[in-house]
$ cat data.cif   # mmCIF, C-alpha atoms
data_work
loop_
_atom_site.label_atom_id
_atom_site.label_comp_id
_atom_site.auth_asym_id
_atom_site.auth_seq_id
_atom_site.Cartn_x
_atom_site.Cartn_y
_atom_site.Cartn_z
CA MET Q 1 4.48 30.57 39.68
CA HIS Q 2 7.39 31.69 37.55
CA LYS Q 3 8.61 28.13 37.14
CA ILE Q 4 5.26 26.71 36.17
CA THR Q 5 4.65 29.36 33.51
CA SER Q 6 8.03 28.88 31.86
CA LEU Q 7 7.52 25.15 31.95
CA ARG Q 8 4.27 25.61 30.12
CA VAL Q 9 5.92 27.82 27.55
CA VAL Q 10 8.62 25.23 26.95
CA LEU Q 11 6.07 22.44 26.81
CA SER Q 12 3.91 24.20 24.27
CA PHE Q 13 6.94 24.72 22.07
CA VAL Q 14 7.89 21.07 22.38
CA VAL Q 15 4.39 20.03 21.34
CA LEU Q 16 4.37 22.54 18.50
CA PHE Q 17 7.71 21.49 17.09
CA SER Q 18 7.03 17.79 17.38
CA LEU Q 19 3.81 18.37 15.42
CA LEU Q 20 5.67 20.39 12.82
CA GLY Q 21 8.28 17.64 12.68
CA VAL Q 22 5.66 15.01 11.98
CA PHE Q 23 4.07 17.11 9.25
CA CYS Q 24 7.42 17.87 7.61
CA TYR Q 25 8.28 14.19 7.67
CA GLU Q 26 4.98 13.25 6.07
CA LEU Q 27 5.34 16.03 3.53
CA PHE Q 28 8.89 15.36 2.38
CA TYR Q 29 9.92 11.86 3.34
CA ALA Q 30 6.80 9.70 3.47
CA LYS Q 31 6.42 7.31 0.57
CA PRO Q 32 2.72 7.14 -0.16
CA THR Q 33 3.28 4.73 -3.01
CA GLU Q 34 4.89 2.13 -0.78
CA LEU Q 35 2.06 -0.04 0.35
CA PRO Q 36 2.63 -2.72 2.92
CA SER Q 37 1.68 -6.17 1.76
CA ALA Q 38 -0.78 -7.92 3.97
CA LEU Q 39 0.41 -11.23 2.52
CA ILE Q 40 3.72 -11.31 4.42
CA GLY Q 41 3.85 -14.50 6.48
CA GLU Q 42 0.97 -15.94 4.49
CA GLU Q 43 0.99 -18.90 2.17
CA LEU Q 44 1.59 -18.01 -1.47
CA PRO Q 45 -1.88 -17.81 -3.09
CA ALA Q 46 -2.40 -21.00 -5.08
CA PHE Q 47 -2.00 -20.60 -8.81
CA SER Q 48 -1.50 -22.73 -11.86
CA LEU Q 49 -0.31 -20.98 -14.99
CA PRO Q 50 0.74 -22.19 -18.43
CA SER Q 51 4.49 -21.85 -18.57
CA LEU Q 52 6.41 -20.43 -21.50
CA SER Q 53 8.14 -23.76 -22.04
CA GLY Q 54 4.80 -25.44 -22.60
CA SER Q 55 4.27 -27.05 -19.20
CA THR Q 56 2.69 -25.56 -16.08
CA LEU Q 57 3.95 -23.34 -13.28
CA ARG Q 58 2.20 -24.06 -10.00
CA SER Q 59 2.57 -22.22 -6.70
CA ASP Q 60 3.64 -25.56 -5.18
CA ASP Q 61 6.70 -25.60 -7.46
CA LEU Q 62 8.25 -22.94 -5.24
CA ARG Q 63 8.27 -25.18 -2.17
CA GLY Q 64 11.37 -26.91 -0.84
CA GLN Q 65 13.83 -24.05 -1.19
CA VAL Q 66 14.12 -20.32 -0.74
CA SER Q 67 13.13 -18.79 -4.04
CA LEU Q 68 12.24 -15.50 -5.63
CA LEU Q 69 9.01 -14.87 -7.43
CA ASN Q 70 9.41 -12.02 -9.88
CA VAL Q 71 6.39 -10.43 -11.51
CA TRP Q 72 7.48 -8.78 -14.76
CA ALA Q 73 6.26 -7.99 -18.23
CA SER Q 74 7.81 -7.46 -21.63
CA TRP Q 75 5.98 -4.12 -21.89
CA CYS Q 76 7.48 -2.94 -18.59
CA ALA Q 77 10.42 -0.62 -19.14
CA ALA Q 78 11.67 -0.87 -15.56
CA CYS Q 79 11.84 -4.66 -15.89
CA SER Q 80 14.61 -4.43 -18.46
CA ILE Q 81 16.59 -2.33 -15.98
CA GLU Q 82 16.53 -5.07 -13.39
CA ALA Q 83 17.21 -7.84 -15.91
CA PRO Q 84 21.03 -7.78 -15.46
CA VAL Q 85 20.63 -7.95 -11.68
CA LEU Q 86 18.33 -10.97 -11.98
CA MET Q 87 20.89 -12.59 -14.31
CA SER Q 88 23.59 -12.04 -11.70
CA ILE Q 89 21.35 -13.49 -8.96
CA HIS Q 90 20.83 -16.55 -11.16
CA HIS Q 91 24.49 -17.02 -12.17
CA ASP Q 92 26.41 -15.84 -9.09
CA TYR Q 93 24.09 -16.62 -6.20
CA HIS Q 94 22.16 -19.60 -7.61
CA VAL Q 95 18.88 -18.53 -6.06
CA PRO Q 96 16.00 -19.92 -8.13
CA ILE Q 97 13.89 -17.18 -9.66
CA TYR Q 98 10.38 -17.98 -10.80
CA GLY Q 99 8.77 -15.50 -13.14
CA ILE Q 100 5.22 -14.45 -13.74
CA ALA Q 101 4.76 -12.69 -17.07
CA TYR Q 102 2.03 -10.27 -16.09
CA LYS Q 103 -0.53 -9.40 -18.78
CA ASP Q 104 1.81 -10.55 -21.46
CA THR Q 105 1.75 -12.70 -24.54
CA VAL Q 106 3.93 -15.72 -25.27
CA GLY Q 107 5.47 -14.04 -28.31
CA ASP Q 108 6.33 -10.75 -26.59
CA ALA Q 109 7.69 -12.52 -23.51
CA LYS Q 110 9.93 -14.81 -25.55
CA HIS Q 111 11.17 -11.88 -27.59
CA TRP Q 112 12.04 -10.01 -24.37
CA LEU Q 113 13.89 -13.04 -22.96
CA ALA Q 114 15.93 -13.34 -26.14
CA GLN Q 115 16.93 -9.72 -25.81
CA TYR Q 116 17.64 -9.42 -22.06
CA GLY Q 117 18.44 -13.00 -21.08
CA ASN Q 118 16.50 -15.56 -19.12
CA PRO Q 119 17.34 -15.84 -15.42
CA PHE Q 120 14.12 -17.73 -14.65
CA THR Q 121 13.76 -21.33 -13.59
CA SER Q 122 10.25 -21.29 -14.97
CA ILE Q 123 7.87 -18.60 -16.19
CA GLY Q 124 4.10 -18.66 -15.87
CA LEU Q 125 2.01 -16.59 -18.22
CA ASP Q 126 -0.64 -14.55 -16.41
CA ALA Q 127 -2.40 -13.16 -19.47
CA SER Q 128 -5.49 -11.87 -17.65
CA GLY Q 129 -3.66 -10.49 -14.60
CA ASP Q 130 -5.81 -12.61 -12.28
CA VAL Q 131 -2.87 -14.12 -10.44
CA GLY Q 132 -1.45 -10.60 -10.17
CA ILE Q 133 -4.52 -9.50 -8.25
CA ASP Q 134 -4.35 -12.63 -6.11
CA LEU Q 135 -0.78 -11.64 -5.21
CA GLY Q 136 -1.77 -8.04 -4.50
CA VAL Q 137 0.43 -6.80 -7.34
CA TYR Q 138 -0.21 -3.27 -8.46
CA GLY Q 139 2.63 -2.79 -10.88
CA THR Q 140 5.62 -4.47 -12.38
CA PRO Q 141 8.27 -5.32 -11.37
CA GLU Q 142 7.52 -6.80 -7.98
CA THR Q 143 9.59 -9.46 -6.29
CA PHE Q 144 8.56 -11.82 -3.51
CA ILE Q 145 10.83 -13.97 -1.38
CA VAL Q 146 9.17 -17.32 -0.72
CA ASN Q 147 10.46 -19.61 2.02
CA PRO Q 148 10.80 -23.41 1.67
CA GLN Q 149 7.38 -23.87 3.27
CA GLY Q 150 5.82 -21.84 0.47
CA LYS Q 151 5.14 -18.74 2.54
CA ILE Q 152 5.77 -15.18 1.40
CA VAL Q 153 8.38 -13.65 3.70
CA TYR Q 154 9.20 -10.44 1.87
CA ARG Q 155 7.92 -8.30 -0.94
CA HIS Q 156 9.89 -5.73 -2.87
CA VAL Q 157 8.00 -3.25 -5.02
CA GLY Q 158 9.91 -1.78 -7.93
CA VAL Q 159 13.24 -2.48 -9.57
CA VAL Q 160 15.64 -4.84 -7.81
CA THR Q 161 18.89 -2.93 -8.13
CA GLN Q 162 22.31 -4.34 -7.22
CA GLN Q 163 22.06 -2.36 -3.99
CA VAL Q 164 18.58 -3.63 -3.11
CA TRP Q 165 19.74 -7.18 -3.79
CA LEU Q 166 22.88 -6.96 -1.68
CA GLU Q 167 21.51 -4.91 1.19
CA VAL Q 168 17.89 -6.00 1.46
CA LEU Q 169 17.02 -9.21 -0.36
CA LEU Q 170 20.21 -11.28 -0.07
CA PRO Q 171 20.45 -11.06 3.75
CA ILE Q 172 16.84 -12.27 4.02
CA VAL Q 173 17.45 -15.09 1.51
CA ARG Q 174 20.60 -16.18 3.39
CA ARG Q 175 18.80 -16.16 6.73
CA TYR Q 176 16.11 -18.46 5.42
CA GLN Q 177 18.62 -20.65 3.56
CA SER Q 178 20.68 -21.18 6.71
CA GLY Q 179 17.54 -22.19 8.57
CA ALA Q 180 18.12 -19.48 11.20
CA VAL Q 181 14.52 -18.49 10.69
CA THR Q 182 11.69 -20.46 9.21
CA MET L 183 10.26 42.62 44.05
CA LYS L 184 7.61 40.85 42.15
CA THR L 185 8.04 39.84 38.55
CA VAL L 186 4.91 38.99 36.74
CA VAL L 187 5.57 36.72 33.83
CA THR L 188 2.94 37.32 31.22
CA ILE L 189 4.13 35.13 28.44
CA PRO L 190 2.47 33.89 26.45
CA SER L 191 0.71 37.18 25.93
CA ARG L 192 -2.87 37.33 24.71
CA GLY L 193 -1.78 37.97 21.14
CA LEU L 194 0.71 35.13 21.23
CA LYS L 195 -1.93 32.86 22.67
CA LEU L 196 -4.31 33.69 19.86
CA PHE L 197 -1.52 33.01 17.40
CA PHE L 198 -0.93 29.59 18.89
CA ILE L 199 -4.61 28.75 18.80
CA CYS L 200 -4.79 29.73 15.14
CA LEU L 201 -1.70 27.64 14.44
CA PHE L 202 -3.27 24.73 16.28
CA ILE L 203 -6.43 24.93 14.17
CA LEU L 204 -4.38 25.13 11.00
CA THR L 205 -2.20 22.17 11.87
CA SER L 206 -5.22 20.10 12.88
CA LEU L 207 -6.85 20.91 9.59
CA CYS L 208 -3.73 19.72 7.77
CA ALA L 209 -4.11 16.37 9.46
CA VAL L 210 -7.59 15.88 8.06
CA PRO L 211 -7.22 14.10 4.73
CA SER L 212 -8.24 16.42 1.99
CA LEU L 213 -11.50 15.54 0.36
CA SER L 214 -10.88 14.16 -3.03
CA VAL L 215 -12.69 15.86 -5.80
CA ALA L 216 -14.26 13.19 -7.92
CA ALA L 217 -12.92 13.72 -11.37
CA THR L 218 -15.20 12.96 -14.22
CA VAL L 219 -13.50 10.32 -16.23
CA GLU L 220 -14.26 9.62 -19.81
CA LYS L 221 -15.71 6.23 -19.24
CA GLU L 222 -14.71 3.63 -21.72
CA GLN L 223 -15.30 1.02 -19.13
CA VAL L 224 -16.72 -2.39 -19.66
CA VAL L 225 -20.46 -2.45 -19.07
CA TYR L 226 -21.30 -5.23 -16.69
CA SER L 227 -24.70 -6.84 -16.87
CA PHE L 228 -26.45 -8.26 -13.86
CA THR L 229 -29.33 -10.67 -13.50
CA SER L 230 -30.45 -9.10 -10.22
CA SER L 231 -30.72 -5.41 -9.36
CA GLN L 232 -29.49 -6.20 -5.87
CA ASP L 233 -26.18 -7.42 -7.27
CA GLU L 234 -25.93 -4.35 -9.44
CA GLU L 235 -26.41 -2.04 -6.45
CA ARG L 236 -23.86 -3.97 -4.47
CA PHE L 237 -21.36 -3.81 -7.30
CA ASN L 238 -21.81 -0.07 -7.76
CA ALA L 239 -21.49 0.59 -4.03
CA LEU L 240 -18.36 -1.55 -3.78
CA ILE L 241 -16.46 0.00 -6.66
CA HIS L 242 -17.02 3.43 -5.12
CA GLU L 243 -15.50 2.26 -1.87
CA VAL L 244 -12.40 0.63 -3.28
CA ARG L 245 -9.36 2.80 -3.87
CA CYS L 246 -7.50 2.66 -7.13
CA VAL L 247 -4.13 1.87 -5.56
CA VAL L 248 -2.15 3.20 -8.49
CA CYS L 249 -3.97 6.55 -8.62
CA GLN L 250 -4.39 6.85 -4.83
CA SER L 251 -7.14 9.46 -4.52
CA GLN L 252 -9.68 7.93 -6.84
CA SER L 253 -12.02 5.03 -6.43
CA ILE L 254 -11.84 2.28 -9.02
CA ALA L 255 -15.23 3.49 -10.25
CA ASP L 256 -13.64 6.79 -11.30
CA SER L 257 -10.48 5.36 -12.76
CA ASN L 258 -9.61 3.79 -16.04
CA ALA L 259 -6.20 2.52 -14.95
CA PRO L 260 -5.60 -1.07 -16.07
CA LEU L 261 -5.42 -2.28 -12.48
CA ALA L 262 -8.70 -0.52 -11.68
CA ASN L 263 -10.32 -2.28 -14.64
CA ASP L 264 -9.00 -5.61 -13.41
CA LEU L 265 -10.23 -4.98 -9.89
CA ARG L 266 -13.67 -4.07 -11.18
CA ALA L 267 -13.73 -7.32 -13.14
CA LYS L 268 -12.66 -9.23 -10.04
CA ILE L 269 -15.32 -7.58 -7.88
CA TYR L 270 -17.93 -8.23 -10.58
CA ALA L 271 -17.03 -11.91 -10.60
CA MET L 272 -17.25 -12.10 -6.82
CA VAL L 273 -20.58 -10.22 -6.67
CA VAL L 274 -22.12 -12.49 -9.30
CA ASP L 275 -20.70 -15.40 -7.33
CA LYS L 276 -22.90 -14.16 -4.42
CA LYS L 277 -19.93 -13.43 -2.17
CA SER L 278 -20.91 -11.05 0.64
CA ASP L 279 -19.57 -7.48 0.79
CA ASP L 280 -17.51 -8.35 3.85
CA VAL L 281 -15.90 -11.31 2.11
CA ILE L 282 -15.05 -9.20 -0.93
CA LYS L 283 -13.56 -6.42 1.19
CA ALA L 284 -11.60 -8.91 3.28
CA TYR L 285 -10.21 -10.43 0.08
CA LEU L 286 -9.00 -7.04 -1.14
CA VAL L 287 -7.62 -5.91 2.22
CA LYS L 288 -5.67 -9.15 2.58
CA ARG L 289 -3.88 -8.45 -0.69
CA TYR L 290 -3.60 -4.68 -0.86
CA GLY L 291 -3.86 -3.67 2.79
CA GLU L 292 -6.41 -1.54 4.63
CA PHE L 293 -5.40 1.34 2.34
CA ILE L 294 -7.47 -0.04 -0.52
CA LEU L 295 -10.71 0.83 1.26
CA LEU L 296 -11.49 4.52 0.89
CA ARG L 297 -13.46 4.35 4.12
CA PRO L 298 -11.27 2.39 6.54
CA ARG L 299 -13.07 -0.08 8.74
CA VAL L 300 -13.13 0.59 12.46
CA TYR L 301 -10.91 -1.84 14.35
CA SER L 302 -7.93 -1.78 16.68
CA VAL L 303 -5.39 -0.52 14.14
CA THR L 304 -7.59 2.21 12.63
CA LEU L 305 -9.15 3.26 15.94
CA ALA L 306 -6.64 6.08 16.42
CA LEU L 307 -7.44 7.32 12.92
CA TRP L 308 -11.15 7.45 13.67
CA LEU L 309 -10.83 8.98 17.13
CA PHE L 310 -8.20 11.61 16.26
CA PRO L 311 -10.59 14.26 14.85
CA PHE L 312 -12.90 13.94 17.84
CA ALA L 313 -9.97 14.15 20.26
CA CYS L 314 -8.84 17.29 18.43
CA LEU L 315 -12.28 18.85 18.76
CA LEU L 316 -12.33 18.06 22.46
CA VAL L 317 -8.91 19.60 23.06
CA PHE L 318 -9.91 22.60 21.02
CA TYR L 319 -13.11 23.01 23.01
CA PHE L 320 -11.24 23.10 26.32
CA LEU L 321 -8.67 25.50 24.94
CA LEU L 322 -11.38 27.88 23.79
CA ARG L 323 -13.22 27.63 27.09
CA ARG L 324 -10.11 28.51 29.02
CA PHE L 325 -9.33 31.32 26.64
CA TYR L 326 -12.72 32.99 27.03
CA LYS L 327 -13.10 32.46 30.75
#

$ encode --input "data.cif" --output "structure tokens"
Amino acid sequence: MHKITSLRVVLSFVVLFSLLGVFCYELFYAKPTELPSALIGEELPAFSLPSLSGSTLRSDDLRGQVSLLNVWASWCAACSIEAPVLMSIHHDYHVPIYGIAYKDTVGDAKHWLAQYGNPFTSIGLDASGDVGIDLGVYGTPETFIVNPQGKIVYRHVGVVTQQVWLEVLLPIVRRYQSGAVT
Amino acid sequence: MKTVVTIPSRGLKLFFICLFILTSLCAVPSLSVAATVEKEQVVYSFTSSQDEERFNALIHEVRCVVCQSQSIADSNAPLANDLRAKIYAMVVDKKSDDVIKAYLVKRYGEFILLRPRVYSVTLALWLFPFACLLVFYFLLRRFYK
């Protein structure tokens, strides 16, 4: 009798504290703004955008190698923060970066590139934001890793910092480059 | 020698029950108060009233992902405007509600629907309140026996 009662007391406390633990976690550590992309493992939505150089950027252009697809805008303050990191990815790691200028104009985008540098292999202009919706983008910057088969394998929301690049994105890029995973 | 263990006492028990109710209430998502937004939104015109009804119903069910607790009908965020335009185009294109919702969920996740659909992943979400009520009912019954 004694044993059973104390067991019940202990058990109720365990339940109580695990509940409190869950609530505290949700309250202080959960990131409600981090939405999972349902497009992971899916083919890159087909798009065809006028490129800044005067030709066209198509989703098929990203096939054949591991590449990054960076959604940015000249009006996006955070994008200028990640610009040096993208330059370093381009110069030091030679990973092709394709850009989508989200709700931008040719003039503004070119002005931005002149100021912060151009790490992009090619840039498509998504003036209406239609391709952005097709990609499930809800803010700039966002960066996708696309495998050689043209499938989205990772999505990073927010600024790509040196740390994010080295610890999160680069290992994934290397794994796909080595062919360890497809 | 007989020791009678009487913990938890009646008062303590009541305390726990109150705590349980409170914590369960916390788990219920708070009802969002629809804010009245100064609408400077684009006015969409429809050729059929059926399409118009569908459009209005849909935009009230789709979450503005950048403002989180509002539907895109209540929000003037640029992304909400774009999503309304996209939904308008799909409604006029005679796409069914299910197709439109599936399109959005595929890109933005189940989160974009303010009323999550019932399926394997969201089943726990839907059943949790009822399970809580059931547990609560048995607790109360034991307490008052």

$ interface_residues --input "data.cif" --of "chain L" --to "chain Q" --cutoff "7 Å" --atoms "only C-alpha atoms" --output "PyMOL selection string"
chain L and resi 187+248+261+288-291

$ write_last_selection --input "data.cif" --atoms "C-alpha atoms" --output "compact mmCIF listing (two decimals), keeping the file's coordinate frame"
# COMPACT_ATOMS: atom_id res chain seq x y z
CA VAL L 187 5.57 36.72 33.83
CA VAL L 248 -2.15 3.20 -8.49
CA LEU L 261 -5.42 -2.28 -12.48
CA LYS L 288 -5.67 -9.15 2.58
CA ARG L 289 -3.88 -8.45 -0.69
CA TYR L 290 -3.60 -4.68 -0.86
CA GLY L 291 -3.86 -3.67 2.79

$ atom_distance --input "data.cif" --atom1 "CA of Asp126 (chain Q)" --atom2 "CA of Ser48 (chain Q)"
9.4 Å

$ atom_distance --input "data.cif" --atom1 "CA of Val273 (chain L)" --atom2 "CA of Val287 (chain L)"
16.3 Å

$ atom_distance --input "data.cif" --atom1 "CA of Glu243 (chain L)" --atom2 "CA of Arg297 (chain L)"
6.7 Å

$ residues_around --input "data.cif" --residues "region 91-100 of chain Q" --least-positions-apart "4" --cutoff "8 Å" --atoms "only C-alpha atoms" --output "JSON, numbers by chain"
{"Q": [62, 66, 67, 68, 69, 70, 71, 72, 73, 86, 87, 119, 120, 121, 122, 123, 124, 125, 126]}

$ decode --input "data.cif" --residues "region 108-131 of chain Q" --atoms "N, CA, C and O atoms" --output "PDB file, in the first residue's frame"
ATOM      1  N   ASP Q 108      17.951  48.451 -60.025  1.00  0.00           N
ATOM      2  CA  ASP Q 108      18.298  48.310 -58.602  1.00  0.00           C
ATOM      3  C   ASP Q 108      19.228  47.127 -58.374  1.00  0.00           C
ATOM      4  O   ASP Q 108      20.194  47.212 -57.620  1.00  0.00           O
ATOM      5  N   ALA Q 109      18.923  46.002 -59.049  1.00  0.00           N
ATOM      6  CA  ALA Q 109      19.720  44.790 -58.864  1.00  0.00           C
ATOM      7  C   ALA Q 109      21.156  45.027 -59.335  1.00  0.00           C
ATOM      8  O   ALA Q 109      22.113  44.657 -58.647  1.00  0.00           O
ATOM      9  N   LYS Q 110      21.289  45.667 -60.488  1.00  0.00           N
ATOM     10  CA  LYS Q 110      22.641  45.910 -61.021  1.00  0.00           C
ATOM     11  C   LYS Q 110      23.421  46.866 -60.125  1.00  0.00           C
ATOM     12  O   LYS Q 110      24.626  46.697 -59.919  1.00  0.00           O
ATOM     13  N   HIS Q 111      22.725  47.840 -59.602  1.00  0.00           N
ATOM     14  CA  HIS Q 111      23.342  48.801 -58.697  1.00  0.00           C
ATOM     15  C   HIS Q 111      23.863  48.081 -57.443  1.00  0.00           C
ATOM     16  O   HIS Q 111      24.981  48.315 -56.977  1.00  0.00           O
ATOM     17  N   TRP Q 112      23.041  47.172 -56.932  1.00  0.00           N
ATOM     18  CA  TRP Q 112      23.407  46.398 -55.736  1.00  0.00           C
ATOM     19  C   TRP Q 112      24.646  45.547 -56.015  1.00  0.00           C
ATOM     20  O   TRP Q 112      25.577  45.479 -55.213  1.00  0.00           O
ATOM     21  N   LEU Q 113      24.663  44.895 -57.197  1.00  0.00           N
ATOM     22  CA  LEU Q 113      25.783  44.021 -57.549  1.00  0.00           C
ATOM     23  C   LEU Q 113      27.079  44.820 -57.674  1.00  0.00           C
ATOM     24  O   LEU Q 113      28.154  44.348 -57.293  1.00  0.00           O
ATOM     25  N   ALA Q 114      26.956  46.041 -58.191  1.00  0.00           N
ATOM     26  CA  ALA Q 114      28.139  46.885 -58.330  1.00  0.00           C
ATOM     27  C   ALA Q 114      28.693  47.248 -56.951  1.00  0.00           C
ATOM     28  O   ALA Q 114      29.900  47.380 -56.757  1.00  0.00           O
ATOM     29  N   GLN Q 115      27.789  47.377 -56.005  1.00  0.00           N
ATOM     30  CA  GLN Q 115      28.208  47.783 -54.667  1.00  0.00           C
ATOM     31  C   GLN Q 115      28.765  46.619 -53.841  1.00  0.00           C
ATOM     32  O   GLN Q 115      29.773  46.760 -53.146  1.00  0.00           O
ATOM     33  N   TYR Q 116      28.077  45.459 -53.901  1.00  0.00           N
ATOM     34  CA  TYR Q 116      28.447  44.354 -52.998  1.00  0.00           C
ATOM     35  C   TYR Q 116      29.194  43.216 -53.695  1.00  0.00           C
ATOM     36  O   TYR Q 116      29.622  42.273 -53.054  1.00  0.00           O
ATOM     37  N   GLY Q 117      29.309  43.274 -55.002  1.00  0.00           N
ATOM     38  CA  GLY Q 117      29.978  42.202 -55.720  1.00  0.00           C
ATOM     39  C   GLY Q 117      28.987  41.205 -56.269  1.00  0.00           C
ATOM     40  O   GLY Q 117      27.849  41.124 -55.800  1.00  0.00           O
ATOM     41  N   ASN Q 118      29.426  40.473 -57.290  1.00  0.00           N
ATOM     42  CA  ASN Q 118      28.524  39.520 -57.927  1.00  0.00           C
ATOM     43  C   ASN Q 118      29.069  38.102 -57.841  1.00  0.00           C
ATOM     44  O   ASN Q 118      29.919  37.706 -58.628  1.00  0.00           O
ATOM     45  N   PRO Q 119      28.559  37.311 -56.899  1.00  0.00           N
ATOM     46  CA  PRO Q 119      29.030  35.932 -56.762  1.00  0.00           C
ATOM     47  C   PRO Q 119      28.225  34.963 -57.632  1.00  0.00           C
ATOM     48  O   PRO Q 119      28.462  33.759 -57.589  1.00  0.00           O
ATOM     49  N   PHE Q 120      27.252  35.491 -58.396  1.00  0.00           N
ATOM     50  CA  PHE Q 120      26.294  34.609 -59.061  1.00  0.00           C
ATOM     51  C   PHE Q 120      26.733  34.182 -60.452  1.00  0.00           C
ATOM     52  O   PHE Q 120      27.284  34.962 -61.209  1.00  0.00           O
ATOM     53  N   THR Q 121      26.475  32.917 -60.754  1.00  0.00           N
ATOM     54  CA  THR Q 121      26.711  32.395 -62.091  1.00  0.00           C
ATOM     55  C   THR Q 121      25.721  33.028 -63.051  1.00  0.00           C
ATOM     56  O   THR Q 121      26.066  33.406 -64.170  1.00  0.00           O
ATOM     57  N   SER Q 122      24.491  33.125 -62.605  1.00  0.00           N
ATOM     58  CA  SER Q 122      23.447  33.760 -63.406  1.00  0.00           C
ATOM     59  C   SER Q 122      22.344  34.222 -62.458  1.00  0.00           C
ATOM     60  O   SER Q 122      22.129  33.616 -61.404  1.00  0.00           O
ATOM     61  N   ILE Q 123      21.688  35.304 -62.834  1.00  0.00           N
ATOM     62  CA  ILE Q 123      20.626  35.841 -61.974  1.00  0.00           C
ATOM     63  C   ILE Q 123      19.345  35.988 -62.772  1.00  0.00           C
ATOM     64  O   ILE Q 123      19.326  36.614 -63.829  1.00  0.00           O
ATOM     65  N   GLY Q 124      18.269  35.405 -62.266  1.00  0.00           N
ATOM     66  CA  GLY Q 124      16.968  35.572 -62.898  1.00  0.00           C
ATOM     67  C   GLY Q 124      16.186  36.640 -62.168  1.00  0.00           C
ATOM     68  O   GLY Q 124      16.263  36.745 -60.942  1.00  0.00           O
ATOM     69  N   LEU Q 125      15.464  37.437 -62.930  1.00  0.00           N
ATOM     70  CA  LEU Q 125      14.686  38.512 -62.323  1.00  0.00           C
ATOM     71  C   LEU Q 125      13.235  38.070 -62.141  1.00  0.00           C
ATOM     72  O   LEU Q 125      12.523  37.838 -63.110  1.00  0.00           O
ATOM     73  N   ASP Q 126      12.829  37.940 -60.871  1.00  0.00           N
ATOM     74  CA  ASP Q 126      11.457  37.538 -60.563  1.00  0.00           C
ATOM     75  C   ASP Q 126      10.698  38.779 -60.109  1.00  0.00           C
ATOM     76  O   ASP Q 126      10.477  39.002 -58.918  1.00  0.00           O
ATOM     77  N   ALA Q 127      10.320  39.601 -61.072  1.00  0.00           N
ATOM     78  CA  ALA Q 127       9.730  40.907 -60.748  1.00  0.00           C
ATOM     79  C   ALA Q 127       8.402  40.781 -60.011  1.00  0.00           C
ATOM     80  O   ALA Q 127       8.110  41.541 -59.099  1.00  0.00           O
ATOM     81  N   SER Q 128       7.591  39.792 -60.376  1.00  0.00           N
ATOM     82  CA  SER Q 128       6.257  39.678 -59.781  1.00  0.00           C
ATOM     83  C   SER Q 128       6.275  38.880 -58.475  1.00  0.00           C
ATOM     84  O   SER Q 128       5.329  38.954 -57.692  1.00  0.00           O
ATOM     85  N   GLY Q 129       7.331  38.098 -58.260  1.00  0.00           N
ATOM     86  CA  GLY Q 129       7.384  37.251 -57.063  1.00  0.00           C
ATOM     87  C   GLY Q 129       6.682  35.923 -57.271  1.00  0.00           C
ATOM     88  O   GLY Q 129       6.499  35.163 -56.324  1.00  0.00           O
ATOM     89  N   ASP Q 130       6.288  35.624 -58.503  1.00  0.00           N
ATOM     90  CA  ASP Q 130       5.585  34.377 -58.805  1.00  0.00           C
ATOM     91  C   ASP Q 130       6.444  33.142 -58.563  1.00  0.00           C
ATOM     92  O   ASP Q 130       5.992  32.162 -57.982  1.00  0.00           O
ATOM     93  N   VAL Q 131       7.695  33.219 -59.018  1.00  0.00           N
ATOM     94  CA  VAL Q 131       8.604  32.092 -58.821  1.00  0.00           C
ATOM     95  C   VAL Q 131       8.887  31.928 -57.323  1.00  0.00           C
ATOM     96  O   VAL Q 131       9.026  30.814 -56.816  1.00  0.00           O
TER      97      VAL Q 131
END
